[in-house]
Every structure is written in structure tokens, then in C-alpha cells.
Amino acid sequence: MQPVSVWQWSPRGLLLCLLCGSLLGSPSPSTAPEKRAGSQGLRFRLAGFPRKPFEGRVEIQRAGEWGTICDDDFTLQAAHVLCRELGFTEATGWTHSAKYGPGTGRIWLDNLSCSGTEQSVNECTFRGWGNSDCTHDEDAGVICKDQRLPGFSDSNVIEVEHHLQVEEVRLRPAVGWGRRPLPVTEGLVEVRLPDGWSQVCDKGWSAHNSHVVCGLLGFPSEKRVNAAFYRKLRKRAAKASARHPKFLGRLLAQRQRHSFGLHGVACVGTEAHLSLCSLEFYRANDTARCPGGSPAVVSCVPGPLFAASSGQKKQQQSKPQGETRVRLKGGAHPGEGRVEVLKAGTWGTVCDRKWDLQAASVVCRELGFGSAREALTGARMGQGMGAIHLSEVRCSGQEPSLWKCPYKNITAEDCSHSRDAGVRCNLPYTGVDTKETWYWDSGNVTEVVMSGVHCTGTELSLDQCAHHSTHIACKRTGTRFTAGVICSETASDLLLHSALVQETAYIEDRPLHMLYCAAEENCLARSARSANWPYGHRRLLRFSSQIHNLGRADFRPKAGRHSWVWHECHGHYHSMDIFTHYDILTPNGTKVAEGHKASFCLEDTECQEDVSKRYECANFGEQGITVGCWDLYRHDIDCQWIDITDVKPGNYILQVVINPNYEVAESDFTNNAMKCNCKYDGHRIWVHNCHIGDAFGEEANRRFERYPGQTSNQIV
């Protein structure tokens, strides 16, 4: 939760902050949304919590009975229709697995399928009114755009009865708000109610409550509070009140009456939000609030990425840690992505069957984030490749690791990568998003303040990347010498089908008179220049490359068609000069042979069942790879090889790297490299153990790097 302003404190102001809280008034009644006439005989409303007025669990009243919608087969198109039924212009998202809490009564709709253009939900297809095999744990919700339809009138839409709810939670440091580093890890718990921020009475406050609050604020765990410190602060406040009875005494009395808005909080510890805990609100006419109690105080432990001080980082790094067995892939931000788990030395995905907030929260906390904000299904963070290790994961929310939760092993027939599970975790407020970064015409730039910037991609701010310190290497200013960015919430993610490389690898001795075009495009080793053309041959290691786009955006060449280069010899355009690198390495990493592939034709060769081809090279067409499609470079086309004429017999590593110069944005560059073990005896080659660079665990990778080589052609 992000504070909207920074408070400045003087010593006198500090005393006032300890004595004064937000005034709690009576909540203002909500106004019913308006809508034009829609589905006859039906009424719609948004329900559940925590939520905003334009989001929530969708409930439908039919024949006088309210009910919900099952999330099976639910899509954004269905959300568009329902948001229009509710009087909003469109949907911006939808939720599953009862994110806003389970409803009650009938489940009116199941397997709802809409195109998105329907004027009424009645025009969509579904199993029939009230015909469902779901439970309320599968209730669907929508997030609508906060914009009303023109001429909207209240006809068949109502709001649920207004209830007080906790909208946001924050920690307010007792001292030095303006001077303390972000994120804030300890302070007084404050909740935002409809009329402002209020404190929470600490009577009956438990470690479970603190655990929920810390998780909501982006921290994996909590620690004990130094109660003596806060008792000392209260004594100082009492003394100050005695010295200034007319002014501060009156403020103290006001604080005791009005600053508390919440009491009786009782969490189990597995809740994803404080609103889901048992709690009570003070009424506006309550005269005695939190008698004998004090404001609740919580102290949280930040994860490694958000450790607030170097001392915390050193302490965390000093703890012995084994190899991580859970990771997130494909997300645009820290704390979100497709869930992948390590099993038998190989990374694989998790099927979304029965995936919920409890399981997602276990993943988030295990990785050093807070509780889960969303449990994502349907490969919302892109599809993985390879094994699907787990299905039907059922966590209570208290487990230290996803591997401690009950689960079912899975076979290829049970699930597909279109059902890969993902998460979005709660993150601490760091203030990074308030740093202004501009992309503009730099013709009027007078100073360059940073150079030599090198980031790994996991940093939260540009300041955290390696860069030149006081010495700026780029002394000349102007558009040519200043960096810029174009940001996007989604990106492509290319992966090579490693098994196909292993299946199709072979050696060809190709006559020189058939290689003139290849030589012109630098697809042969340097020694070919001194060969006795057109006599003789070159020895080529050939293989096929099938490159999949498993990201959330199409892969497009960096340059537009106007700048593509025509190659007369092969009779085609190159949209990227270097699309892949092919290398033969010794076991210690020394390069002994290399090749490269220019992207003369990026197109959708084949696609998944429900995806249509979008890019085709014929007739100077648009080039690219659609999400869910792949581009196949067959082993029998020019330059689809490595020239190994000069390579001596021995044990080697075959390496293929896609998009090696990072010319096109991807959500994940760690999976762009593929490696294989290979043995070459001077006549034949054996290629085996091909895998994506990040497909193995650390120990398996170490075994691969220490591979001594094959002693025979018998590959185990």
C-alpha cells in the first residue's frame, strides 16, 4: 500500500503525531450505480471485499434469488459483457477462485462463453440457468473500467448493502517518518476506512494478526516488537501533556476518543487481507475506544530484495541456504510470474487445477515477498516448456514451502501448459515509482549524469545497476549519445526446442561450389577464405531450430521493413543481422567453432490449436513470431549449421543463443541459451543431453559443466 504523501516532522510535530490520529466519522452511504435498460428479468450487483466500487464478485438476481457465476471457461470477453450490464464501458480484468470471497445461494451460470460484443449476458452461451458443478470457491469477479456508459439509468443494477471495510493498511513509524529509509518495516498499524486513516486497538492483538499485516504490506514474516520502546514513548507523551495541559491535554483526550477505528482483530494467519479476518469497527457514537489499550504496532522482516539496510542484508546472506526449489518466470515486475518448481534436478511448471490464494501466498512468502495479491490460472504469465511437475496443490497457507503442501504428481495427459499457474505477490512500498524518468528529444540536454550502466534486470532502480561512479565516459551530449526507453507491460519470450536439435543433428561434407552464397553471408569459418575454391568441401554440423514464443507479446524485429537489407544471392531480406549464435565450445568454455543465423524470415510456421498465424514472409510480408506459435529453421537450409572443418576430435559443448545481442525485448533472457553435450570422433558426432540453459538446477548444471566426455558411443 502506497502512502500518497510524505510527512515532514519537527520535534514539536513528532509529539503531535504521537498524540493525534485521523478523525473517524460516520461512513457516507454509497450511491446506487445507474444503467440503461439491459437483460430483462435480471438484476446485477458487485459484492465481496476488499474491493473498489468498480470491481467485485458478480452476482445476478433471477426469479427473486441472488446467485453467482462459476469461473470455469470465464474470459475477458465475458467480463466485458458483464461490466456493460453493470453500467461500465468495459472490463480491464477478471478474477477467479473467489478472490472477493465466496458467495452464497445459487450458482446461476457455468461455462459462460461470450464473444464480448453481446448486448446482454442472455446472448452468451452457458450450461443453462442454475446448471453448475462448481462450488462458491470458484466464484468469478470482474474489474471494470471506472467509466460509466452514457445515459446510464438505474433499472436492473443495484449495489450490495454498504458495509464498512478495510480498504488499505499501512505502517506509520512512531519516530522519524521523513528520515527513515523505505520500505517502512515497523510502526503503528493504520487502516484506511471510508472517512480516513485510523488506528487499531492492540487488545487481543496476536502474532497471527501481525503475520497477515506484514504479508499484505509485502513482507514474508514478522518479528517481536520492542514493547519497552513504545511504553517509553507513551510516558514522554504523558509528561508533555502535563506540561501543556490546555493544548496537548485536549489533544490527548481527542486521541483517546477518535483515533481508533478498529478493534477485536482475530486472524488465523493465512488470510490474504486484513479484511478477511474477524474484526469489529467502532461506531461513530462510541465514547470509550480501546480502554486500557494502545495502538497496535507491527514489525516486519523484509525479504532479501527489499532489505532496508546493509546490516539486514549481511545477516540474511550469512544464513545457510540450500538450492532454491521454487522460482517465478515471465513476469514484467518483481514478485509476479509463472510458478516453476525444481524436481529431480529439472525445472517444471504447476498445473492450475485447484490453484488458490493460499498456495500462491506460500510461494510468495517462500521467495521473500508478502502474501499473494492474485493466484493466476490459464497461463496468464505465459506458457512454460518441458515437464509439468505438480497438480492439485492444496496449501493451508502456513507451510514454509510449496513442497510442504499436499499435491498430486502429473502425467502429460492430465494437464497442458495452457493451464500453467502463476502469482502476483504483494510488494513493499519502496518509493521507486516516484522517481521521474523521462524519454524525450535530447537536443537541449546540457549534462550527462550516468554512463557505463549495466543491469542484470532484477534491480528495482537504475541507481542499483553497475555504472561509472564519478567518472562519466560519455562527455558529448545530444540525441546520439543519450539513452532512452520505451516501456511495456508485456514482452515476448523465445525458447528453442532443445529436443529437436538433438534429434536432427548430423554431419554433412558440402562441396565448396555449393557454398558461394553462404560464404557471402559469412556462414563459414575464416579458413574457408583460403580454400581452393570451387574444389574441396567444408564439414558442417547441421541441425534444425524450432523457436517458440511463449511470452505475452509477439516477437517483432527491432527494425521496420524500410530498413531491412536485401541479400541478392539468397534473394531475401534480413530483418535482423544476427538472430542466433551457434558455437562449439570446449568443456572449459573455449570457443573452437562458430556460426550465426540472420533472421531472413521470421514467420509463424505452426501454432497451437487455438492460435492463428499472423506473420508470413511471402510477398515482403510482416515478420515476427506470434504468441503461441513457432518458427522452424530446417536443417537443410543455408547457414543452418556450424562449420566444424577445423575442429579436432574430442568432447565438446554445442551452444545455441537466440537474440544474443538483446536487440528485441523479452520478459526472460535467462532461457535464450541451449546447450548439448557432444562427442566428435573425426567422422561422426553424437549430440545428447540438450537442454535450455535454465532448465536444470544448480547441481545438475555443475554436473553438466564438469562432464568429462563420452568414452564410447553408448549414451546412457
# chains A, B, ... in the order shown; residues from 1 in each chain; ligands from 1
call {"tool": "residues_around", "arguments": {"residues": "Trp355 of chain A", "least_positions_apart": "4", "cutoff": "7 Å", "atoms": "only C-alpha atoms", "output": "list in words"}}
result
Ala359, Ala375, Glu392 and Val393 of chain A
call {"tool": "select_by_dssp", "arguments": {"residues": "segment 416-652 of chain A", "states": "alpha helix (DSSP H)", "output": "list in words"}}
result
Ser498, Ala499, Leu500, Val501, Gln502, Glu503, Thr504, Tyr516, Cys517, Ala518, Ala519 and Glu520 of chain A
call {"tool": "write_last_selection", "arguments": {"atoms": "C-alpha atoms", "output": "mmCIF file, in the first residue's frame"}}
result
data_model
loop_
_atom_site.group_PDB
_atom_site.id
_atom_site.type_symbol
_atom_site.label_atom_id
_atom_site.label_comp_id
_atom_site.auth_asym_id
_atom_site.auth_seq_id
_atom_site.Cartn_x
_atom_site.Cartn_y
_atom_site.Cartn_z
ATOM 1 C CA SER A 498 16.111 -28.433 -27.462
ATOM 2 C CA ALA A 499 14.910 -31.984 -28.144
ATOM 3 C CA LEU A 500 14.599 -31.233 -31.866
ATOM 4 C CA VAL A 501 18.228 -30.093 -32.032
ATOM 5 C CA GLN A 502 19.304 -33.395 -30.523
ATOM 6 C CA GLU A 503 17.093 -35.420 -32.880
ATOM 7 C CA THR A 504 18.171 -33.701 -36.100
ATOM 8 C CA TYR A 516 29.195 -19.286 -52.548
ATOM 9 C CA CYS A 517 26.087 -17.644 -51.126
ATOM 10 C CA ALA A 518 26.865 -18.969 -47.637
ATOM 11 C CA ALA A 519 30.389 -17.535 -47.877
ATOM 12 C CA GLU A 520 28.969 -14.176 -48.931
#
call {"tool": "atom_distance", "arguments": {"atom1": "atom CA of Pro660 of chain A", "atom2": "atom CA of Ser575 of chain A"}}
result
14.8 Å
call {"tool": "residues_around", "arguments": {"residues": "Phe369 of chain A", "least_positions_apart": "3", "cutoff": "7 Å", "atoms": "only C-alpha atoms", "output": "PyMOL selection string"}}
result
chain A and resi 218-220+303+335+364-365+425-427
call {"tool": "residues_around", "arguments": {"residues": "Met674 of chain A", "least_positions_apart": "5", "cutoff": "8 Å", "atoms": "only C-alpha atoms", "output": "MDAnalysis selection string"}}
result
chainID A and resid 496 498 655:657 690:693
call {"tool": "select_by_dssp", "arguments": {"residues": "segment 98-303 of chain A", "states": "strand (DSSP E)", "output": "NGL selection string"}}
result
:A and (106-109 or 141-144 or 168-172 or 186-193 or 196-200 or 221-223 or 260-266 or 278-281 or 297-301)
call {"tool": "residues_around", "arguments": {"residues": "His96 of chain A", "least_positions_apart": "5", "cutoff": "7 Å", "atoms": "only C-alpha atoms", "output": "ChimeraX atom specification"}}
result
/A:71,138-141
call {"tool": "residues_around", "arguments": {"residues": "Tyr680 of chain A", "least_positions_apart": "5", "cutoff": "8 Å", "atoms": "only C-alpha atoms", "output": "list in words"}}
result
Lys648, Pro649, Gly650, Asn651, Tyr652, Ile685 and Trp686 of chain A
call {"tool": "write_last_selection", "arguments": {"atoms": "all heavy atoms", "output": "mmCIF file, in the first residue's frame"}}
result
data_model
loop_
_atom_site.group_PDB
_atom_site.id
_atom_site.type_symbol
_atom_site.label_atom_id
_atom_site.label_comp_id
_atom_site.auth_asym_id
_atom_site.auth_seq_id
_atom_site.Cartn_x
_atom_site.Cartn_y
_atom_site.Cartn_z
ATOM 1 N N LYS A 648 39.042 -30.489 -34.098
ATOM 2 C CA LYS A 648 39.684 -31.777 -33.875
ATOM 3 C C LYS A 648 38.745 -32.706 -33.112
ATOM 4 O O LYS A 648 37.844 -32.253 -32.411
ATOM 5 C CB LYS A 648 40.982 -31.588 -33.089
ATOM 6 C CG LYS A 648 42.012 -30.735 -33.816
ATOM 7 C CD LYS A 648 43.250 -30.521 -32.949
ATOM 8 C CE LYS A 648 44.273 -29.648 -33.668
ATOM 9 N NZ LYS A 648 45.485 -29.413 -32.834
ATOM 10 N N PRO A 649 38.949 -34.005 -33.213
ATOM 11 C CA PRO A 649 38.116 -34.942 -32.443
ATOM 12 C C PRO A 649 38.206 -34.657 -30.947
ATOM 13 O O PRO A 649 39.252 -34.262 -30.437
ATOM 14 C CB PRO A 649 38.711 -36.308 -32.796
ATOM 15 C CG PRO A 649 39.359 -36.110 -34.120
ATOM 16 C CD PRO A 649 39.901 -34.700 -34.105
ATOM 17 N N GLY A 650 37.110 -34.864 -30.263
ATOM 18 C CA GLY A 650 37.097 -34.628 -28.825
ATOM 19 C C GLY A 650 35.688 -34.464 -28.303
ATOM 20 O O GLY A 650 34.696 -34.674 -29.014
ATOM 21 N N ASN A 651 35.595 -34.062 -27.031
ATOM 22 C CA ASN A 651 34.316 -33.832 -26.356
ATOM 23 C C ASN A 651 34.053 -32.337 -26.270
ATOM 24 O O ASN A 651 34.914 -31.570 -25.829
ATOM 25 C CB ASN A 651 34.344 -34.441 -24.959
ATOM 26 C CG ASN A 651 34.555 -35.941 -24.999
ATOM 27 O OD1 ASN A 651 33.703 -36.670 -25.483
ATOM 28 N ND2 ASN A 651 35.700 -36.405 -24.513
ATOM 29 N N TYR A 652 32.860 -31.931 -26.661
ATOM 30 C CA TYR A 652 32.556 -30.516 -26.777
ATOM 31 C C TYR A 652 31.151 -30.207 -26.249
ATOM 32 O O TYR A 652 30.377 -31.107 -25.919
ATOM 33 C CB TYR A 652 32.657 -30.064 -28.245
ATOM 34 C CG TYR A 652 34.039 -30.204 -28.828
ATOM 35 C CD1 TYR A 652 34.360 -31.313 -29.607
ATOM 36 C CD2 TYR A 652 35.015 -29.237 -28.602
ATOM 37 C CE1 TYR A 652 35.633 -31.452 -30.153
ATOM 38 C CE2 TYR A 652 36.291 -29.362 -29.147
ATOM 39 C CZ TYR A 652 36.592 -30.476 -29.914
ATOM 40 O OH TYR A 652 37.851 -30.609 -30.440
ATOM 41 N N ILE A 685 29.360 -37.623 -35.144
ATOM 42 C CA ILE A 685 29.150 -36.798 -33.949
ATOM 43 C C ILE A 685 27.927 -37.314 -33.201
ATOM 44 O O ILE A 685 26.926 -37.719 -33.812
ATOM 45 C CB ILE A 685 28.987 -35.305 -34.324
ATOM 46 C CG1 ILE A 685 29.142 -34.421 -33.077
ATOM 47 C CG2 ILE A 685 27.660 -35.033 -35.028
ATOM 48 C CD1 ILE A 685 29.390 -32.965 -33.394
ATOM 49 N N TRP A 686 28.031 -37.361 -31.877
ATOM 50 C CA TRP A 686 26.920 -37.752 -31.010
ATOM 51 C C TRP A 686 26.506 -36.534 -30.192
ATOM 52 O O TRP A 686 27.312 -35.962 -29.453
ATOM 53 C CB TRP A 686 27.342 -38.880 -30.073
ATOM 54 C CG TRP A 686 27.586 -40.185 -30.766
ATOM 55 C CD1 TRP A 686 26.694 -41.182 -31.013
ATOM 56 C CD2 TRP A 686 28.850 -40.631 -31.290
ATOM 57 N NE1 TRP A 686 27.298 -42.226 -31.665
ATOM 58 C CE2 TRP A 686 28.630 -41.907 -31.844
ATOM 59 C CE3 TRP A 686 30.141 -40.080 -31.356
ATOM 60 C CZ2 TRP A 686 29.641 -42.642 -32.455
ATOM 61 C CZ3 TRP A 686 31.145 -40.808 -31.960
ATOM 62 C CH2 TRP A 686 30.897 -42.079 -32.502
#
